[in-house]
file target-v6.txt (compact mmCIF, C-alpha atoms)
# COMPACT_ATOMS: atom_id res chain seq x y z
CA MET A 28 0.00 0.00 0.00
CA THR A 29 1.34 3.41 -0.87
CA ASP A 30 0.42 6.82 0.44
CA ILE A 31 -1.34 8.93 -2.13
CA SER A 32 0.04 12.42 -2.49
CA THR A 33 -2.02 15.53 -3.12
CA GLU A 34 -0.57 15.70 -6.64
CA GLU A 35 -1.72 12.14 -7.32
CA ARG A 36 -5.17 12.94 -5.99
CA ASP A 37 -5.30 15.93 -8.28
CA LEU A 38 -4.26 13.67 -11.16
CA ILE A 39 -7.03 11.22 -10.26
CA ASN A 40 -9.59 13.99 -10.10
CA ARG A 41 -8.56 15.30 -13.50
CA TYR A 42 -8.64 11.76 -14.88
CA LEU A 43 -12.21 11.28 -13.66
CA ALA A 44 -13.16 14.69 -15.05
CA HIS A 45 -11.69 13.59 -18.43
CA ARG A 46 -9.18 16.40 -18.31
CA LEU A 47 -6.04 14.33 -18.94
CA ALA A 48 -4.18 13.74 -22.18
CA GLU A 49 -4.37 10.15 -23.40
CA SER A 50 -0.80 9.41 -22.35
CA GLU A 51 -1.50 10.68 -18.82
CA ALA A 52 -4.72 8.68 -18.67
CA LEU A 53 -2.80 5.53 -19.60
CA VAL A 54 -0.39 6.15 -16.74
CA VAL A 55 -3.32 6.50 -14.34
CA GLU A 56 -4.97 3.33 -15.64
CA THR A 57 -1.76 1.34 -15.30
CA ARG A 58 -1.43 2.52 -11.70
CA MET A 59 -5.05 1.47 -11.15
CA VAL A 60 -4.20 -2.05 -12.28
CA GLU A 61 -1.03 -2.48 -10.27
CA ASP A 62 -1.52 -0.44 -7.11
CA PRO A 63 -4.51 -1.30 -4.86
CA ALA A 64 -4.07 1.85 -2.76
CA PHE A 65 -4.14 4.02 -5.84
CA ARG A 66 -7.18 2.17 -7.17
CA ASN A 67 -8.88 2.57 -3.82
CA GLU A 68 -8.29 6.31 -4.08
CA VAL A 69 -9.72 6.37 -7.61
CA GLU A 70 -12.80 4.47 -6.44
CA LEU A 71 -13.32 6.79 -3.49
CA THR A 72 -12.90 9.88 -5.65
CA GLU A 73 -15.23 8.52 -8.30
CA ALA A 74 -17.85 7.66 -5.69
CA LEU A 75 -17.53 11.11 -4.13
CA ARG A 76 -17.88 12.80 -7.51
CA ASP A 77 -20.84 10.64 -8.55
CA GLY A 78 -22.49 11.04 -5.15
CA LEU A 79 -22.17 14.82 -5.32
CA ARG A 80 -23.60 14.88 -8.83
CA GLU A 81 -26.58 12.84 -7.68
CA LEU A 82 -27.09 15.17 -4.71
CA GLN A 83 -26.97 18.14 -7.08
CA ARG A 84 -29.57 16.47 -9.29
CA ARG A 85 -31.78 16.10 -6.21
CA GLY A 86 -31.21 19.73 -5.23
CA GLU A 87 -29.47 18.80 -1.98
CA ILE A 88 -26.16 20.57 -2.41
CA THR A 89 -27.23 24.08 -1.36
CA PRO A 90 -28.83 22.97 1.93
CA LEU A 91 -25.74 20.93 2.63
CA LEU A 92 -23.53 23.98 2.38
CA SER A 93 -25.75 26.41 4.22
CA HIS A 94 -27.11 24.41 7.14
CA ARG A 95 -25.22 23.68 10.29
CA HIS A 96 -25.10 19.95 10.67
CA THR A 97 -24.80 17.90 13.74
CA ARG A 98 -21.40 16.43 14.35
CA TRP A 99 -21.81 14.92 17.77
CA ARG A 100 -21.21 11.23 17.66
CA TYR A 101 -21.18 9.78 21.13
CA PRO A 102 -24.16 10.98 23.20
CA ARG A 103 -22.96 9.48 26.46
CA PHE A 104 -19.55 11.10 26.26
CA ALA A 105 -21.11 14.40 25.31
CA LEU A 106 -23.54 14.27 28.19
CA ALA A 107 -20.82 13.31 30.64
CA ALA A 108 -18.49 15.99 29.31
CA SER A 109 -21.22 18.62 29.49
CA LEU A 110 -22.19 17.70 33.03
CA ALA A 111 -18.55 17.64 34.08
CA ALA A 112 -17.91 20.99 32.49
CA VAL A 113 -20.99 22.53 34.05
CA ALA A 114 -20.19 21.09 37.46
CA LEU A 115 -16.59 22.24 37.24
CA GLY A 116 -17.66 25.66 36.09
CA ALA A 117 -20.22 25.99 38.86
CA ALA A 118 -17.80 24.72 41.51
CA SER A 119 -15.10 27.08 40.35
CA PHE A 120 -17.55 29.93 40.33
CA LEU A 121 -18.84 29.22 43.84
CA LEU A 122 -15.36 28.61 45.20
CA TYR A 123 -14.11 31.81 43.73
CA GLN A 124 -17.05 33.76 45.10
CA ARG A 125 -16.47 32.30 48.54
CA LEU A 126 -12.75 32.93 48.58
CA ASP A 127 -12.99 36.30 47.04
CA SER A 128 -16.28 37.57 48.40
CA GLY A 129 -14.83 40.99 49.16
CA ARG A 130 -14.12 41.79 45.54
CA HIS A 131 -16.76 41.96 42.87
CA GLU A 132 -14.90 43.42 39.91
CA VAL A 133 -14.26 40.20 38.00
CA VAL A 134 -15.64 36.72 38.46
CA ILE A 135 -13.77 33.76 37.05
CA ALA A 136 -15.44 30.63 35.75
CA SER A 137 -13.51 27.59 34.60
CA LEU A 138 -14.66 25.48 31.69
CA ARG A 139 -12.95 22.28 30.72
CA PHE A 140 -13.27 20.73 27.29
CA GLU A 141 -12.49 17.06 26.88
CA HIS A 142 -10.73 15.71 23.82
CA THR A 143 -13.35 12.97 23.32
CA ARG A 144 -15.87 14.12 20.77
CA GLY A 145 -19.36 14.92 21.90
CA ALA A 146 -22.55 13.56 20.41
CA GLY A 147 -26.12 14.49 19.54
CA ASP A 148 -26.67 18.20 19.80
CA ARG A 149 -24.91 18.52 23.11
CA PRO A 150 -21.95 20.83 23.33
CA ASP A 151 -18.70 19.99 25.10
CA ALA A 152 -19.32 22.66 27.70
CA VAL A 153 -22.17 24.91 28.74
CA TRP A 154 -21.88 28.18 30.61
CA GLN A 155 -24.85 30.12 31.90
CA GLN A 156 -24.63 33.87 31.95
CA THR A 157 -24.84 35.35 35.41
CA GLY A 158 -25.19 39.02 34.71
CA ALA A 159 -21.81 39.74 36.28
CA PRO A 160 -18.74 40.30 34.10
CA THR A 161 -16.96 36.99 34.13
CA ARG A 162 -13.58 35.85 33.00
CA LEU A 163 -14.04 32.46 31.33
CA GLN A 164 -10.96 30.31 31.86
CA MET A 165 -11.19 27.61 29.24
CA GLN A 166 -8.99 24.56 29.45
CA PHE A 167 -8.79 22.13 26.53
CA ASP A 168 -7.62 18.56 26.54
CA VAL A 169 -5.91 18.41 23.14
CA GLY A 170 -5.10 14.72 23.21
CA ILE A 171 -2.01 12.73 24.01
CA GLU A 172 0.25 14.45 21.49
CA PRO A 173 -0.18 18.18 21.86
CA ALA A 174 1.38 20.52 19.33
CA ALA A 175 4.05 23.02 20.35
CA ALA A 176 1.50 25.85 20.42
CA TYR A 177 -2.09 26.59 19.42
CA ARG A 178 -4.13 29.45 18.09
CA ALA A 179 -7.72 29.46 19.25
CA MET A 180 -10.50 30.64 16.99
CA ILE A 181 -13.96 31.17 18.47
CA GLU A 182 -16.84 31.31 16.05
CA ARG A 183 -20.50 31.81 16.71
CA MET A 184 -22.70 29.34 14.88
CA THR A 185 -25.88 30.73 13.43
CA ASP A 186 -28.35 29.09 11.08
CA GLY A 187 -26.86 30.54 7.98
CA ALA A 188 -23.23 31.31 8.76
CA THR A 189 -20.41 31.31 11.24
CA VAL A 190 -19.23 34.59 12.73
CA LEU A 191 -15.71 34.96 14.01
CA VAL A 192 -15.81 36.23 17.58
CA LEU A 193 -12.19 36.05 18.58
CA GLU A 194 -8.86 34.68 17.49
CA THR A 195 -6.12 34.43 20.08
CA ALA A 196 -3.05 32.47 21.08
CA ALA A 197 -3.61 29.68 23.58
CA ALA A 198 -1.20 28.97 26.42
CA LEU A 199 -0.05 25.43 27.17
CA THR A 200 -0.08 24.15 30.73
CA PRO A 201 2.65 21.80 32.00
CA ASP A 202 0.26 18.85 31.69
CA GLY A 203 -0.25 19.55 28.00
CA SER A 204 -3.66 21.23 28.08
CA ALA A 205 -4.28 24.41 26.10
CA THR A 206 -5.89 27.33 27.91
CA ILE A 207 -7.40 30.64 27.00
CA ALA A 208 -9.17 33.29 29.07
CA VAL A 209 -12.00 35.19 27.48
CA ASP A 210 -14.23 37.96 28.75
CA SER A 211 -17.85 36.82 28.98
CA THR A 212 -19.11 40.07 27.48
CA LEU A 213 -17.95 38.77 24.10
CA PHE A 214 -20.63 36.12 24.19
CA ALA A 215 -24.29 36.37 23.43
CA PRO A 216 -26.41 33.33 24.26
CA GLY A 217 -25.98 30.70 21.54
CA ASP A 218 -23.69 28.00 20.21
CA TYR A 219 -20.00 28.50 19.53
CA GLU A 220 -17.26 26.48 17.96
CA ILE A 221 -13.76 26.78 19.32
CA THR A 222 -11.08 25.56 16.94
CA LEU A 223 -7.59 24.99 18.26
CA MET A 224 -5.19 25.24 15.36
CA PRO A 225 -1.80 23.65 16.02
CA GLN A 226 1.24 25.85 15.41
CA PRO A 227 3.30 25.70 13.32
CA PRO A 228 0.65 24.47 10.89
CA ALA A 229 2.95 22.58 8.50
CA ALA A 230 4.14 19.77 10.74
CA SER A 231 1.40 19.57 13.34
CA PRO A 232 -1.65 17.44 14.03
CA GLU A 233 -5.05 18.49 12.80
CA PRO A 234 -7.09 21.29 14.37
CA VAL A 235 -9.33 20.22 17.21
CA VAL A 236 -12.85 21.58 17.36
CA TYR A 237 -14.88 21.97 20.56
CA ALA A 238 -18.40 23.21 21.07
CA LEU A 239 -19.50 25.70 23.70
CA ARG A 240 -23.01 26.75 24.51
CA ILE A 241 -23.69 30.02 26.27
CA ALA A 242 -27.06 29.89 27.99
CA GLY A 243 -28.94 33.10 28.70
CA GLN A 244 -29.41 34.49 32.17
CA ARG A 245 -32.29 32.89 34.08
CA MET B 25 -16.28 -15.80 -25.04
CA GLU B 26 -17.37 -17.79 -28.06
CA GLY B 27 -15.44 -20.95 -28.86
CA ARG B 28 -13.09 -20.54 -25.91
CA THR B 29 -13.04 -21.52 -22.30
CA ALA B 30 -12.78 -18.43 -20.18
CA LEU B 31 -9.78 -18.53 -17.88
CA THR B 32 -10.85 -17.79 -14.34
CA ILE B 33 -8.68 -16.39 -11.62
CA ASP B 34 -8.47 -19.88 -10.12
CA ASP B 35 -7.15 -21.26 -13.36
CA ALA B 36 -4.67 -18.44 -13.48
CA ALA B 37 -3.58 -19.06 -9.91
CA GLY B 38 -3.26 -22.75 -10.69
CA ALA B 39 -0.96 -21.91 -13.51
CA GLY B 40 1.05 -19.80 -11.09
CA ALA B 41 4.07 -22.09 -10.91
CA GLU B 42 4.47 -22.03 -14.64
CA VAL B 43 3.84 -18.35 -14.91
CA ALA B 44 6.09 -17.55 -11.98
CA ALA B 45 9.08 -18.66 -13.99
CA ALA B 46 8.24 -16.11 -16.65
CA VAL B 47 6.78 -13.32 -14.56
CA PRO B 48 7.38 -13.65 -10.84
CA ASP B 49 4.91 -10.85 -10.10
CA LEU B 50 2.12 -12.85 -11.66
CA GLY B 51 3.02 -16.09 -9.96
CA SER B 52 1.78 -15.12 -6.53
CA ALA B 53 -1.93 -15.67 -6.06
CA ALA B 54 -2.19 -12.52 -3.96
CA SER B 55 -0.64 -10.25 -6.53
CA LEU B 56 -2.58 -12.01 -9.25
CA GLN B 57 -5.81 -11.27 -7.40
CA GLN B 58 -4.76 -7.65 -6.98
CA LEU B 59 -4.02 -7.34 -10.67
CA ARG B 60 -7.33 -8.98 -11.49
CA ASP B 61 -9.18 -6.54 -9.24
CA GLY B 62 -7.42 -3.71 -11.04
CA VAL B 63 -8.24 -4.97 -14.52
CA LEU B 64 -11.82 -5.67 -13.50
CA TYR B 65 -12.24 -2.16 -12.09
CA LEU B 66 -10.81 -0.67 -15.27
CA LEU B 67 -13.20 -2.68 -17.43
CA ARG B 68 -16.24 -1.98 -15.25
CA LYS B 69 -15.46 1.70 -15.45
CA GLU B 70 -15.01 1.48 -19.19
CA LEU B 71 -18.01 -0.69 -20.03
CA ARG B 72 -20.55 0.03 -17.24
CA ASP B 73 -21.61 -3.60 -17.52
CA PRO B 74 -20.35 -5.79 -14.65
CA ALA B 75 -21.07 -9.13 -16.34
CA LEU B 76 -19.38 -8.12 -19.56
CA ALA B 77 -16.46 -6.65 -17.64
CA ASP B 78 -16.06 -9.96 -15.83
CA ASP B 79 -15.97 -11.85 -19.12
CA LEU B 80 -13.46 -9.48 -20.68
CA CYS B 81 -11.33 -9.57 -17.55
CA ASN B 82 -11.05 -13.35 -17.80
CA GLU B 83 -10.31 -13.02 -21.49
CA THR B 84 -7.61 -10.43 -20.74
CA PHE B 85 -5.86 -12.80 -18.36
CA ARG B 86 -6.21 -15.70 -20.76
CA ILE B 87 -4.53 -13.71 -23.52
CA VAL B 88 -1.80 -12.34 -21.29
CA LEU B 89 -1.00 -15.68 -19.63
CA GLU B 90 -0.86 -17.46 -22.96
CA ARG B 91 1.46 -14.78 -24.27
CA LEU B 92 3.67 -15.04 -21.18
CA ARG B 93 3.89 -18.79 -21.52
CA ARG B 94 5.06 -18.41 -25.09
CA GLN B 95 7.34 -15.47 -24.52
CA PRO B 96 8.04 -13.83 -21.17
CA LEU B 97 8.16 -10.06 -21.02
CA GLU B 98 11.60 -8.52 -21.19
CA ASP B 99 10.65 -6.22 -18.35
CA PRO B 100 8.39 -8.11 -15.89
CA SER B 101 7.48 -4.85 -14.14
CA ARG B 102 5.51 -3.89 -17.25
CA VAL B 103 3.01 -6.69 -16.79
CA SER B 104 0.36 -4.40 -15.26
CA SER B 105 0.74 -2.01 -18.17
CA TYR B 106 0.42 -4.96 -20.55
CA LEU B 107 -2.71 -6.20 -18.77
CA GLY B 108 -4.26 -2.73 -18.81
CA GLN B 109 -3.54 -2.26 -22.49
CA THR B 110 -4.94 -5.70 -23.35
CA ALA B 111 -8.09 -4.94 -21.35
CA ARG B 112 -8.55 -1.59 -23.09
CA ASN B 113 -8.05 -3.22 -26.49
CA LEU B 114 -10.64 -5.88 -25.70
CA ALA B 115 -13.12 -3.25 -24.52
CA MET B 116 -12.54 -1.24 -27.67
CA ALA B 117 -12.90 -4.33 -29.86
CA HIS B 118 -16.13 -5.20 -28.08
CA ARG B 119 -17.56 -1.75 -28.79
CA ARG B 120 -16.58 -1.94 -32.43
CA LYS B 121 -18.17 -5.37 -32.71
CA GLU B 122 -21.35 -4.05 -31.15
CA ALA B 123 -21.42 -1.10 -33.52
CA ARG B 124 -20.97 -3.39 -36.52
CA GLN B 125 -23.73 -5.74 -35.40
CA CYS B 126 -26.13 -2.91 -34.71
CA THR B 127 -28.62 -2.79 -37.58
CA VAL B 128 -31.10 -0.15 -36.68
CA THR B 129 -34.29 0.25 -38.61
CA GLY B 130 -37.68 1.83 -38.01
CA ARG B 131 -39.37 0.71 -34.81
CA GLN B 132 -36.21 -0.97 -33.49
CA ALA B 133 -34.46 2.40 -33.49
CA ASP B 134 -37.19 3.85 -31.27
CA MET B 135 -37.04 0.90 -28.91
CA GLU B 136 -33.29 1.06 -28.56
CA ALA B 137 -33.42 4.78 -27.93
CA ILE B 138 -35.80 4.13 -25.05
CA ALA B 139 -33.66 1.29 -23.72
CA GLN B 140 -30.58 3.49 -23.71
CA THR B 141 -32.24 6.18 -21.67
CA GLU B 142 -33.50 3.73 -19.08
CA LEU B 143 -31.01 3.04 -16.36
CA ASP B 144 -30.16 -0.30 -14.92
CA PRO B 145 -32.17 -0.54 -11.66
CA VAL B 146 -29.14 -1.89 -9.83
CA LEU B 147 -27.08 1.09 -10.93
CA VAL B 148 -29.87 3.46 -9.92
CA VAL B 149 -30.05 1.97 -6.42
CA GLN B 150 -26.28 2.02 -6.17
CA SER B 151 -26.14 5.64 -7.24
CA GLN B 152 -28.80 6.61 -4.71
CA SER B 153 -27.20 4.82 -1.80
CA ARG B 154 -23.84 6.32 -2.71
CA ALA B 155 -25.35 9.80 -2.76
CA ASP B 156 -27.04 9.15 0.60
CA ALA B 157 -23.71 8.07 2.07
CA VAL B 158 -21.93 11.13 0.68
CA ARG B 159 -24.64 13.43 2.08
CA ARG B 160 -24.58 11.80 5.49
CA VAL B 161 -20.82 12.01 5.77
CA LEU B 162 -20.68 15.59 4.53
CA GLU B 163 -23.37 16.55 7.04
CA GLU B 164 -21.22 15.17 9.82
CA ILE B 165 -17.98 16.84 8.83
CA PRO B 166 -17.52 19.41 11.58
CA GLN B 167 -15.80 22.08 9.50
CA PRO B 168 -18.14 23.84 7.05
CA ARG B 169 -15.08 24.77 5.01
CA ASP B 170 -14.30 21.09 4.42
CA ARG B 171 -17.75 20.54 2.93
CA GLU B 172 -17.39 23.61 0.80
CA ILE B 173 -13.97 22.69 -0.53
CA LEU B 174 -15.01 19.11 -1.36
CA VAL B 175 -18.02 20.37 -3.29
CA ARG B 176 -15.98 22.97 -5.14
CA VAL B 177 -13.21 20.54 -6.11
CA TYR B 178 -15.15 17.34 -6.74
CA LEU B 179 -18.46 18.66 -8.03
CA TYR B 180 -17.68 21.98 -9.67
CA ASP B 181 -14.13 21.01 -10.71
CA GLN B 182 -12.80 24.35 -9.54
CA ASP B 183 -9.04 24.71 -9.74
CA LYS B 184 -6.70 25.58 -6.93
CA ASP B 185 -6.54 29.32 -7.74
CA GLN B 186 -10.31 29.70 -7.75
CA VAL B 187 -10.81 27.71 -4.55
CA CYS B 188 -8.09 29.70 -2.76
CA ARG B 189 -9.48 33.02 -3.97
CA GLU B 190 -13.10 32.31 -3.13
CA LEU B 191 -12.50 30.65 0.23
CA GLY B 192 -9.72 32.97 1.30
CA ILE B 193 -7.15 30.20 1.58
CA GLY B 194 -3.48 31.00 1.12
CA ALA B 195 -2.02 29.14 -1.86
CA GLY B 196 0.58 27.60 0.45
CA HIS B 197 -2.15 26.11 2.64
CA TYR B 198 -4.25 24.66 -0.16
CA LYS B 199 -2.65 21.22 -0.21
CA ARG B 200 -3.04 20.78 3.51
CA VAL B 201 -6.63 22.02 3.53
CA ILE B 202 -7.75 19.73 0.71
CA HIS B 203 -5.82 16.81 2.17
CA ARG B 204 -7.49 17.24 5.56
CA ALA B 205 -10.93 17.61 4.02
CA ARG B 206 -10.40 14.40 2.07
CA GLU B 207 -9.09 12.52 5.07
CA ARG B 208 -11.97 13.67 7.27
CA PHE B 209 -14.39 12.52 4.58
CA ARG B 210 -12.69 9.14 4.24
CA THR B 211 -12.39 8.60 7.99
CA LEU B 212 -16.02 9.42 8.66
CA LEU B 213 -17.11 7.27 5.74
CA GLU B 214 -15.21 4.30 7.11
CA VAL B 215 -16.51 4.90 10.63
CA ARG B 216 -20.11 5.21 9.51
CA TYR B 217 -20.29 2.39 6.98
CA ALA B 218 -19.22 -1.22 6.97
CA ARG B 219 -16.90 -2.18 4.16
CA SER B 220 -19.55 -4.44 2.64
CA ASP B 221 -22.03 -1.53 2.51
CA LEU B 222 -19.44 0.62 0.79
CA ASP B 223 -18.72 -2.15 -1.68
CA SER B 224 -22.37 -2.51 -2.57
CA SER B 225 -22.67 1.26 -2.96
CA GLY B 226 -19.79 1.24 -5.40
CA PHE B 227 -17.32 2.96 -3.12
CA PHE B 228 -14.60 0.33 -3.21

call {"tool": "encode", "arguments": {"input": "target-v6.txt", "output": "structure tokens"}}
result
Amino acid sequence: MTDISTEERDLINRYLAHRLAESEALVVETRMVEDPAFRNEVELTEALRDGLRELQRRGEITPLLSHRHTRWRYPRFALAASLAAVALGAASFLLYQRLDSGRHEVVIASLRFEHTRGAGDRPDAVWQQTGAPTRLQMQFDVGIEPAAAYRAMIERMTDGATVLVLETAAALTPDGSATIAVDSTLFAPGDYEITLMPQPPAASPEPVVYALRIAGQR
Amino acid sequence: MEGRTALTIDDAAGAGAEVAAAVPDLGSAASLQQLRDGVLYLLRKELRDPALADDLCNETFRIVLERLRRQPLEDPSRVSSYLGQTARNLAMAHRRKEARQCTVTGRQADMEAIAQTELDPVLVVQSQSRADAVRRVLEEIPQPRDREILVRVYLYDQDKDQVCRELGIGAGHYKRVIHRARERFRTLLEVRYARSDLDSSGFF
């Protein structure tokens, strides 16, 4: 099995779109015969192309691009992560209030985001607005092989689009978690996606996406 | 094939010892099966008729093995190229034969026109389940940009410059972005669907 490079994938795509010269097409077809990994890539690309064409024929491409789709896969993990995050946030909030009852300028709430993906429509963490300006300390488990550094991008998810709220550098804790601190006034009630982009981008693992829900004040 | 006994993959594997002397790559049953899968895929793609592709695949191997028995290739590494070329020639010859045999008159012309526009029900079902799988996986891809880039590249055939310009991607990042989108699609597809389901939907 061989790894397929981006150039080879581009070649395959042009082959399937009939945009190759005959000599190039022969090279592709010979690879298809002799290299199962390459053939597998051709089959996947062909199926993707044909599937997309069929979806276009059914008029399903536009909704696919405009609607926010669920991406939560494991409901139990999501529920557990949400409850843990809420409990941690509430405990941190109460503890801070108790320890620091004399000062009311800034309240700090801690939110922890687990690396395990969530499921259903449940976010990784939920924070309920309190009415008081709050510093949200967000801590992210980025997995067992953290990158050297991360940039965090917070986007608000609406029905039709995503709106960038903030982009900032994340700090790394000694245990390998990424952290950011964000002022709660930036958030309106709603759903947010927080993408941690490994730095430097070229030789790093993939971005990790977390979901945060800001609930309105009761 | 008329007047001939089609050579199956088992026959070919049985002849492995003999063939191995001429073309070691063909002698191993595993590599022989891989080559057969490759030739079969090529012919199915070319002919859009699985049964016919199967016949021509067997015929391709029969011709190539007979040729190798008579005279081994000077460069054994070219055997896949030789197989591919033989398969293409057989497919082309089949089309020519069909065109020659096609005598179209009056009512028959109308009937054949209708038949050509009707799709094979198996292919229709396959196409629909493939589209359903693509939609489901795209819906689950967390990054909207991944969906967008896959649609632009694989449906609208947009080139790198256009995709970068319209999605605001730096040209230096394009490769990584498209690679990740592809990998996310593939990973989700393989998580969501059993291999047998993907096979029957024409994915692999």

call {"tool": "atom_distance", "arguments": {"input": "target-v6.txt", "atom1": "atom CA of Gln244 of chain A", "atom2": "atom CA of Pro216 of chain A"}}
result
8.5 Å

call {"tool": "closest_atom_pairs", "arguments": {"input": "target-v6.txt", "of": "chain B", "to": "chain A", "cutoff": "7 Å", "atoms": "only C-alpha atoms", "output": "tab-separated table"}}
result
residue	atom	partner	partner_atom	distance
B:Gln58	CA	A:Pro63	CA	6.7
B:Leu59	CA	A:Val60	CA	5.5
B:Gly62	CA	A:Val60	CA	3.8
B:Val63	CA	A:Val60	CA	5.5
B:Ser104	CA	A:Glu61	CA	5.5
B:Ser105	CA	A:Thr57	CA	5.1
B:Gly108	CA	A:Thr57	CA	5.9
B:Ser151	CA	A:Gly78	CA	6.8
B:Arg154	CA	A:Gly78	CA	5.5
B:Ala155	CA	A:Gly78	CA	3.9
B:Val158	CA	A:Gly78	CA	5.9
B:Glu163	CA	A:His96	CA	5.3
B:Glu164	CA	A:Arg98	CA	4.7
B:Ile165	CA	A:Arg98	CA	6.5
B:Pro166	CA	A:Arg98	CA	5.6
B:Arg171	CA	A:Leu92	CA	6.7
B:Glu172	CA	A:Leu92	CA	6.4
B:Tyr178	CA	A:Arg76	CA	5.4
B:Leu179	CA	A:Arg76	CA	5.9
B:Lys199	CA	A:Thr33	CA	6.4
B:His203	CA	A:Thr33	CA	6.6
B:Gly226	CA	A:Ala74	CA	6.7
B:Phe227	CA	A:Ala74	CA	5.4
B:Phe228	CA	A:Glu70	CA	5.6

call {"tool": "residues_near_point", "arguments": {"input": "target-v6.txt", "point": "(-7.6, 31.3, 24.2)", "cutoff": "12 Å", "atoms": "all atoms listed in the file", "output": "MDAnalysis selection string"}}
result
chainID A and resid 138 162:167 176:181 192:199 204:210 221:224

call {"tool": "closest_residue", "arguments": {"input": "target-v6.txt", "among": "B:Val175, B:Lys184, B:Glu214, B:Arg200", "to": "Thr89 of chain A", "atoms": "all atoms listed in the file"}}
result
B:Val175

call {"tool": "atom_distance", "arguments": {"input": "target-v6.txt", "atom1": "atom CA of Glu172 of chain A", "atom2": "atom CA of Asp202 of chain A"}}
result
11.1 Å

call {"tool": "decode", "arguments": {"input": "target-v6.txt", "residues": "segment 165-200 of chain B", "atoms": "C-alpha atoms", "output": "mmCIF file, in the first residue's frame"}}
result
data_model
loop_
_atom_site.group_PDB
_atom_site.id
_atom_site.type_symbol
_atom_site.label_atom_id
_atom_site.label_comp_id
_atom_site.auth_asym_id
_atom_site.auth_seq_id
_atom_site.Cartn_x
_atom_site.Cartn_y
_atom_site.Cartn_z
ATOM 1 C CA ILE B 165 -17.980 16.839 8.831
ATOM 2 C CA PRO B 166 -17.517 19.406 11.583
ATOM 3 C CA GLN B 167 -15.800 22.084 9.505
ATOM 4 C CA PRO B 168 -18.136 23.842 7.048
ATOM 5 C CA ARG B 169 -15.081 24.768 5.007
ATOM 6 C CA ASP B 170 -14.296 21.090 4.416
ATOM 7 C CA ARG B 171 -17.748 20.540 2.931
ATOM 8 C CA GLU B 172 -17.390 23.606 0.804
ATOM 9 C CA ILE B 173 -13.971 22.686 -0.528
ATOM 10 C CA LEU B 174 -15.013 19.114 -1.362
ATOM 11 C CA VAL B 175 -18.019 20.374 -3.291
ATOM 12 C CA ARG B 176 -15.981 22.967 -5.141
ATOM 13 C CA VAL B 177 -13.214 20.540 -6.114
ATOM 14 C CA TYR B 178 -15.151 17.344 -6.744
ATOM 15 C CA LEU B 179 -18.460 18.661 -8.031
ATOM 16 C CA TYR B 180 -17.683 21.983 -9.668
ATOM 17 C CA ASP B 181 -14.126 21.006 -10.707
ATOM 18 C CA GLN B 182 -12.799 24.350 -9.543
ATOM 19 C CA ASP B 183 -9.038 24.713 -9.742
ATOM 20 C CA LYS B 184 -6.695 25.583 -6.925
ATOM 21 C CA ASP B 185 -6.541 29.316 -7.739
ATOM 22 C CA GLN B 186 -10.312 29.697 -7.754
ATOM 23 C CA VAL B 187 -10.806 27.711 -4.553
ATOM 24 C CA CYS B 188 -8.094 29.700 -2.760
ATOM 25 C CA ARG B 189 -9.480 33.023 -3.974
ATOM 26 C CA GLU B 190 -13.105 32.309 -3.131
ATOM 27 C CA LEU B 191 -12.501 30.645 0.229
ATOM 28 C CA GLY B 192 -9.719 32.974 1.298
ATOM 29 C CA ILE B 193 -7.147 30.197 1.584
ATOM 30 C CA GLY B 194 -3.476 30.995 1.116
ATOM 31 C CA ALA B 195 -2.015 29.141 -1.860
ATOM 32 C CA GLY B 196 0.583 27.598 0.448
ATOM 33 C CA HIS B 197 -2.145 26.113 2.638
ATOM 34 C CA TYR B 198 -4.253 24.659 -0.163
ATOM 35 C CA LYS B 199 -2.653 21.223 -0.212
ATOM 36 C CA ARG B 200 -3.045 20.783 3.510
#
